[in-house]
>>> print(open('query-v4.pdb').read())   # PDB, C-alpha atoms
ATOM      1  CA  MET A   2     -94.734-116.695 -92.776
ATOM      2  CA  TYR A   3     -94.574-119.482 -95.344
ATOM      3  CA  GLN A   4     -91.776-121.191 -97.246
ATOM      4  CA  ILE A   5     -92.865-122.346-100.675
ATOM      5  CA  THR A   6     -90.637-124.699-102.634
ATOM      6  CA  LEU A   7     -91.249-125.016-106.368
ATOM      7  CA  LYS A   8     -89.836-127.673-108.679
ATOM      8  CA  ILE A   9     -89.244-125.951-112.013
ATOM      9  CA  ASP A  10     -88.281-127.452-115.368
ATOM     10  CA  GLY A  11     -86.429-125.461-118.014
ATOM     11  CA  MET A  12     -83.806-123.580-116.007
ATOM     12  CA  ALA A  13     -80.348-124.126-117.529
ATOM     13  CA  CYS A  14     -78.178-121.267-116.206
ATOM     14  CA  SER A  15     -77.941-118.411-113.733
ATOM     15  CA  MET A  16     -79.805-116.104-116.125
ATOM     16  CA  CYS A  17     -82.736-118.537-116.033
ATOM     17  CA  GLU A  18     -82.639-118.349-112.226
ATOM     18  CA  SER A  19     -82.778-114.560-112.495
ATOM     19  CA  HIS A  20     -85.779-114.668-114.864
ATOM     20  CA  VAL A  21     -87.690-116.957-112.499
ATOM     21  CA  CYS A  22     -86.886-114.793-109.447
ATOM     22  CA  ASP A  23     -87.796-111.560-111.252
ATOM     23  CA  THR A  24     -91.093-113.019-112.463
ATOM     24  CA  ILE A  25     -92.057-114.093-108.955
ATOM     25  CA  ARG A  26     -90.974-110.768-107.398
ATOM     26  CA  ASN A  27     -92.933-108.765-109.986
ATOM     27  CA  GLN A  28     -96.136-110.804-109.699
ATOM     28  CA  PHE A  29     -96.286-111.486-105.942
ATOM     29  CA  LYS A  30     -95.448-109.734-102.694
ATOM     30  CA  VAL A  31     -92.637-111.877-101.283
ATOM     31  CA  LYS A  32     -90.005-111.410 -98.591
ATOM     32  CA  LYS A  33     -87.340-113.498-100.333
ATOM     33  CA  VAL A  34     -86.969-115.654-103.429
ATOM     34  CA  SER A  35     -84.036-117.713-104.669
ATOM     35  CA  ALA A  36     -83.666-120.205-107.500
ATOM     36  CA  SER A  37     -81.179-122.912-108.416
ATOM     37  CA  HIS A  38     -80.923-124.329-111.926
ATOM     38  CA  ALA A  39     -78.741-127.175-110.592
ATOM     39  CA  LYS A  40     -81.478-128.306-108.200
ATOM     40  CA  GLY A  41     -84.307-127.290-110.542
ATOM     41  CA  GLU A  42     -86.118-125.426-107.804
ATOM     42  CA  ALA A  43     -87.072-122.038-106.446
ATOM     43  CA  VAL A  44     -87.678-121.214-102.783
ATOM     44  CA  ILE A  45     -89.990-118.369-101.783
ATOM     45  CA  VAL A  46     -90.510-116.848 -98.340
ATOM     46  CA  SER A  47     -93.782-114.956 -98.099
ATOM     47  CA  GLU A  48     -96.113-113.480 -95.481
ATOM     48  CA  THR A  49     -99.077-115.162 -97.159
ATOM     49  CA  GLU A  50     -99.527-118.531 -98.796
ATOM     50  CA  LEU A  51     -99.282-118.318-102.595
ATOM     51  CA  SER A  52    -101.502-120.632-104.617
ATOM     52  CA  GLU A  53    -100.012-123.188-106.952
ATOM     53  CA  ALA A  54    -102.379-122.135-109.756
ATOM     54  CA  GLU A  55    -101.311-118.467-109.552
ATOM     55  CA  LEU A  56     -97.613-119.403-109.556
ATOM     56  CA  LYS A  57     -98.134-121.704-112.536
ATOM     57  CA  ALA A  58     -99.996-118.960-114.410
ATOM     58  CA  ALA A  59     -97.151-116.512-113.735
ATOM     59  CA  LEU A  60     -94.394-118.917-114.851
ATOM     60  CA  ASP A  61     -96.076-120.432-117.938
ATOM     61  CA  PRO A  62     -95.572-117.386-120.234
ATOM     62  CA  THR A  63     -91.842-117.350-119.383
ATOM     63  CA  GLY A  64     -91.292-120.850-120.772
ATOM     64  CA  TYR A  65     -90.521-122.498-117.424
ATOM     65  CA  LYS A  66     -92.755-125.328-116.264
ATOM     66  CA  LEU A  67     -93.933-125.757-112.683
ATOM     67  CA  LEU A  68     -93.577-129.458-111.812
ATOM     68  CA  GLY A  69     -94.048-129.448-108.056
ATOM     69  CA  TYR A  70     -95.272-127.280-105.191
ATOM     70  CA  ALA A  71     -94.761-127.567-101.429
ATOM     71  CA  CYS A  72     -95.790-125.009 -98.799
ATOM     72  CA  GLU A  73     -94.872-125.149 -95.127
ATOM     73  CA  PRO A  74     -94.744-122.726 -92.193
ATOM     74  CA  TYR A  75     -91.469-120.793 -92.014
ATOM     75  CA  GLU A  76     -89.640-119.609 -88.932
ATOM     76  CA  LYS A  77     -86.684-117.320 -89.328
ATOM     77  CA  LYS A  78     -83.525-118.971 -88.093
ATOM     78  CA  GLY A  79     -81.535-117.138 -85.471
ATOM     79  CA  GLY A  80     -78.117-115.775 -86.328
ATOM     80  CA  LEU A  81     -74.804-116.549 -84.678
ATOM     81  CA  PHE A  82     -75.522-114.403 -81.631
ATOM     82  CA  SER A  83     -79.194-115.322 -81.180
ATOM     83  CA  ILE A  84     -78.342-117.530 -78.208
ATOM     84  CA  PHE A  85     -77.515-114.377 -76.215
ATOM     85  CA  LYS A  86     -80.934-112.763 -76.771
ATOM     86  CA  LYS A  87     -82.788-115.060 -74.360
TER      87      LYS A  87
END
>>> encode(input="query-v4.pdb", output="structure tokens")
Amino acid sequence: MYQITLKIDGMACSMCESHVCDTIRNQFKVKKVSASHAKGEAVIVSETELSEAELKAALDPTGYKLLGYACEPYEKKGGLFSIFKK
């Protein structure tokens, strides 16, 4: 699994966050996506690594600009009771 963090310019409100998340969900197979206009970023969790060029191509028609891209391996964090599963 991969966690991809995108720096996005142009988000001003929660509706902008929704547009970005919907665009990513509709164009790519992802496990989870969340966006924050306050931070100017979106975080994607995906089984496969998504290319920066494909993400940029998906976001450009929406009016939001991809400024940065970071991809790293993702490990699901254990919940409150995960310490008992050992």
>>> residues_near_point(input="query-v4.pdb", point="(-94.7, -118.2, -95.5)", cutoff="6 Å", atoms="only C-alpha atoms", output="ChimeraX atom specification")
/A:2-4,46-50,74-75
>>> write_last_selection(input="query-v4.pdb", atoms="C-alpha atoms", output="PDB file, in the frame of the given file")
ATOM      1  CA  MET A   2     -94.734-116.695 -92.776  1.00  0.00           C
ATOM      2  CA  TYR A   3     -94.574-119.482 -95.344  1.00  0.00           C
ATOM      3  CA  GLN A   4     -91.776-121.191 -97.246  1.00  0.00           C
ATOM      4  CA  VAL A  46     -90.510-116.848 -98.340  1.00  0.00           C
ATOM      5  CA  SER A  47     -93.782-114.956 -98.099  1.00  0.00           C
ATOM      6  CA  GLU A  48     -96.113-113.480 -95.481  1.00  0.00           C
ATOM      7  CA  THR A  49     -99.077-115.162 -97.159  1.00  0.00           C
ATOM      8  CA  GLU A  50     -99.527-118.531 -98.796  1.00  0.00           C
ATOM      9  CA  PRO A  74     -94.744-122.726 -92.193  1.00  0.00           C
ATOM     10  CA  TYR A  75     -91.469-120.793 -92.014  1.00  0.00           C
TER      11      TYR A  75
END
>>> atom_distance(input="query-v4.pdb", atom1="atom CA of Ala59 of chain A", atom2="atom CA of Cys14 of chain A")
19.7 Å
>>> closest_residue(input="query-v4.pdb", among="A:Lys66, A:Ala36, A:Lys77, A:Glu55", to="Thr6 of chain A", atoms="only C-alpha atoms")
A:Ala36
>>> resolve_selection(input="query-v4.pdb", expression="the PyMOL selection byres ((chain A and resi 72) around 6)", output="PDB file with C-alpha atoms, in the coordinates of the input")
ATOM      1  CA  GLN A   4     -91.776-121.191 -97.246  1.00  0.00           C
ATOM      2  CA  ILE A   5     -92.865-122.346-100.675  1.00  0.00           C
ATOM      3  CA  ALA A  71     -94.761-127.567-101.429  1.00  0.00           C
ATOM      4  CA  GLU A  73     -94.872-125.149 -95.127  1.00  0.00           C
TER       5      GLU A  73
END
>>> atom_distance(input="query-v4.pdb", atom1="atom CA of Pro62 of chain A", atom2="atom CA of Ala13 of chain A")
16.9 Å
>>> atom_distance(input="query-v4.pdb", atom1="atom CA of Asp10 of chain A", atom2="atom CA of Phe29 of chain A")
20.2 Å
>>> residues_around(input="query-v4.pdb", residues="Gly41 of chain A", least_positions_apart="4", cutoff="10 Å", atoms="only C-alpha atoms", output="count of residues only")
12
>>> resolve_selection(input="query-v4.pdb", expression="the PyMOL selection byres ((chain A and resi 56) around 10)", output="mmCIF file with C-alpha atoms, in the frame of the given file")
data_model
loop_
_atom_site.group_PDB
_atom_site.id
_atom_site.type_symbol
_atom_site.label_atom_id
_atom_site.label_comp_id
_atom_site.auth_asym_id
_atom_site.auth_seq_id
_atom_site.Cartn_x
_atom_site.Cartn_y
_atom_site.Cartn_z
ATOM 1 C CA LEU A 7 -91.249 -125.016 -106.368
ATOM 2 C CA THR A 24 -91.093 -113.019 -112.463
ATOM 3 C CA ILE A 25 -92.057 -114.093 -108.955
ATOM 4 C CA GLN A 28 -96.136 -110.804 -109.699
ATOM 5 C CA PHE A 29 -96.286 -111.486 -105.942
ATOM 6 C CA LEU A 51 -99.282 -118.318 -102.595
ATOM 7 C CA SER A 52 -101.502 -120.632 -104.617
ATOM 8 C CA GLU A 53 -100.012 -123.188 -106.952
ATOM 9 C CA ALA A 54 -102.379 -122.135 -109.756
ATOM 10 C CA GLU A 55 -101.311 -118.467 -109.552
ATOM 11 C CA LYS A 57 -98.134 -121.704 -112.536
ATOM 12 C CA ALA A 58 -99.996 -118.960 -114.410
ATOM 13 C CA ALA A 59 -97.151 -116.512 -113.735
ATOM 14 C CA LEU A 60 -94.394 -118.917 -114.851
ATOM 15 C CA ASP A 61 -96.076 -120.432 -117.938
ATOM 16 C CA LEU A 67 -93.933 -125.757 -112.683
ATOM 17 C CA TYR A 70 -95.272 -127.280 -105.191
#
>>> closest_residue(input="query-v4.pdb", among="A:Val31, A:Glu76, A:Tyr65, A:Met16", to="Val44 of chain A", atoms="only C-alpha atoms")
A:Val31
>>> axis_aligned_box(input="query-v4.pdb", around="segment 33-49 of chain A", padding_each_side="3 Å", output="lines of an AutoDock Vina configuration file")
center_x = -88.9
center_y = -120.9
center_z = -103.7
size_x = 26.3
size_y = 20.8
size_z = 22.4
